[in-house]
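First the structure, in the form of structure tokens, and then the observations on it.
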Amino acid sequence: MKTKIYLLGFITLLSFACNSSNKQESYNSLFDLSDWNKVKEVFNQWRKQEIKKGYFVENCLSNPEEFINKYGDKWETDSLRYALPNLLEKFNSDIDTCMVDINLDGKQDVIFKINPIDCVNGASTHPPLYILVVSSKNSYIIDNTCISKVKTAIRDYTKQLSNREYQWFQIDSIRNDKGIIIISGNSSIYLNDDANCCPSIELNFIAYIDKSMKGHINIEAINTNQFDNTESKFKTKLVIK
């Protein structure tokens with residue numbers, strides 16, 4: 001007999017939403033304990049690899065001064081300023097999850113939204129990271145193809161509007177509608193003269209991706225003039241090849 005668990009006992013579900021057109025998914029959907037352990041193992045292996053690559057640190061220290069003294073000038077780089085939150089903690093507000101059967105194999109897949117922890121300033125300004133762990137026969141693997149396709153298309157589009165590297169990308173919901181993956185979210189676009197607090201363009205998007213990982217993205221955006229606060233709206237459609 002398989003053991004079932006309520007995922008709310010292990011992780012927090014905040015603003016990240018998902019559902020399936022085949023059946024209504026709830027935040028306390030039952031999940032096989034053995035499957036959840038496999039998902040956790042995949043996530044933890046990914047986390048270890050990211051830290052090993054030098055992209056993030058294992059943990060923040062007791063205070064920012066101690067962290068700065070340990071890493072010297074290196075903390076000013078993105079790679080040694082942020083720590084990856086640990087899934088082993090019972091309730092972790094820096095990790096949100098979304099459960100939906102993305103590949104329609106009858107098993108729940110898990111999308112992790114990870115908010116890296118700023119070890120110097122506390123409140124993180126790092127864009128969220130997204131990891132899609134999908135079922136593959138009797139195991140689970142990371143397959144970020146659909147999310148990467150959307151993120152790349154949005155990034156390439158924002159390059160037409162601004163040459164600033166720092167742009168915010170966030171997914172609000174993801175679901176499978178009869179084989180079409182629908183991802184909605186938003187992005188903040190900083191124009192060349194914008195202060196870090198105030199991006200000029202707020203962009204909302206809805207992406208539609210089929211099984212061949214092709215589709216399109218509908219975009220609606222508002223451009224606010226930072227000098228006189230006047231607004232202009234525009235729409236566009238991006239093709240995912």
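We name chains A, B, ... following the order of the structure tokens; residues begin at 1 in each chain, and ligands are numbered from 1 as shown.
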
Long-range neighbours of Ser200 in chain A as a PyMOL selection string, 6 Å cut-off, only C-alpha atoms, 2 positions minimum in chain: chain A and resi 190+223-224

CA of Asp96 in chain A to CA of Arg81 in chain A, straight-line distance in Å: 21.1 Å

Residues within 8 Å of range 136-144 of chain A, only C-alpha atoms, excluding chain neighbours under 6 positions, as number ranges by chain: A: 35, 38-39, 42, 130

Contacts of Leu104 in chain A within 10 Å, only C-alpha atoms, excl. fewer than 2 positions in-chain, as a list in words: Ser20, Asn22, Val100, Asp101, Ile102, Gly106, Lys107, Gln108, Asp109, Ser135, Asn176, Asp177, Lys178 and Gly179 of chain A

Print the selection's residues with N, CA and C atoms to a file, as a compact mmCIF listing (two decimals), in the first residue's frame.
```
# COMPACT_ATOMS: atom_id res chain seq x y z
N SER A 20 -4.85 21.83 -13.68
CA SER A 20 -4.92 20.98 -14.87
C SER A 20 -6.34 21.01 -15.40
N ASN A 22 -7.74 18.53 -16.87
CA ASN A 22 -8.32 17.20 -16.75
C ASN A 22 -9.02 17.00 -15.41
N VAL A 100 1.34 19.99 -11.07
CA VAL A 100 0.43 19.79 -12.20
C VAL A 100 1.01 18.70 -13.09
N ASP A 101 0.16 17.94 -13.74
CA ASP A 101 0.60 16.89 -14.65
C ASP A 101 0.94 17.53 -15.99
N ILE A 102 2.18 17.97 -16.13
CA ILE A 102 2.61 18.67 -17.34
C ILE A 102 2.64 17.76 -18.55
N GLY A 106 -0.36 11.01 -16.01
CA GLY A 106 -1.11 10.59 -14.83
C GLY A 106 -0.40 10.84 -13.52
N LYS A 107 0.82 11.39 -13.57
CA LYS A 107 1.57 11.68 -12.36
C LYS A 107 1.76 13.18 -12.20
N GLN A 108 1.79 13.61 -10.94
CA GLN A 108 2.04 15.02 -10.67
C GLN A 108 3.49 15.37 -10.96
N ASP A 109 3.70 16.47 -11.65
CA ASP A 109 5.02 17.05 -11.82
C ASP A 109 5.11 18.26 -10.90
N SER A 135 7.93 13.69 -14.17
CA SER A 135 8.03 12.23 -14.06
C SER A 135 8.53 11.65 -15.38
N ASN A 176 -1.70 22.73 -17.70
CA ASN A 176 -1.79 21.96 -18.93
C ASN A 176 -3.25 21.90 -19.34
N ASP A 177 -3.56 22.49 -20.48
CA ASP A 177 -4.93 22.52 -20.98
C ASP A 177 -5.02 21.62 -22.21
N LYS A 178 -5.35 20.35 -21.97
CA LYS A 178 -5.53 19.36 -23.05
C LYS A 178 -4.30 19.28 -23.95
N GLY A 179 -3.13 19.24 -23.33
CA GLY A 179 -1.89 19.09 -24.08
C GLY A 179 -1.20 20.39 -24.42
```

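Each of A:Ile182, A:Ile189, A:Phe227, A:Glu65 was checked against Tyr208 in chain A using only C-alpha atoms; the smallest atom-to-atom distance is that of A:Ile182.
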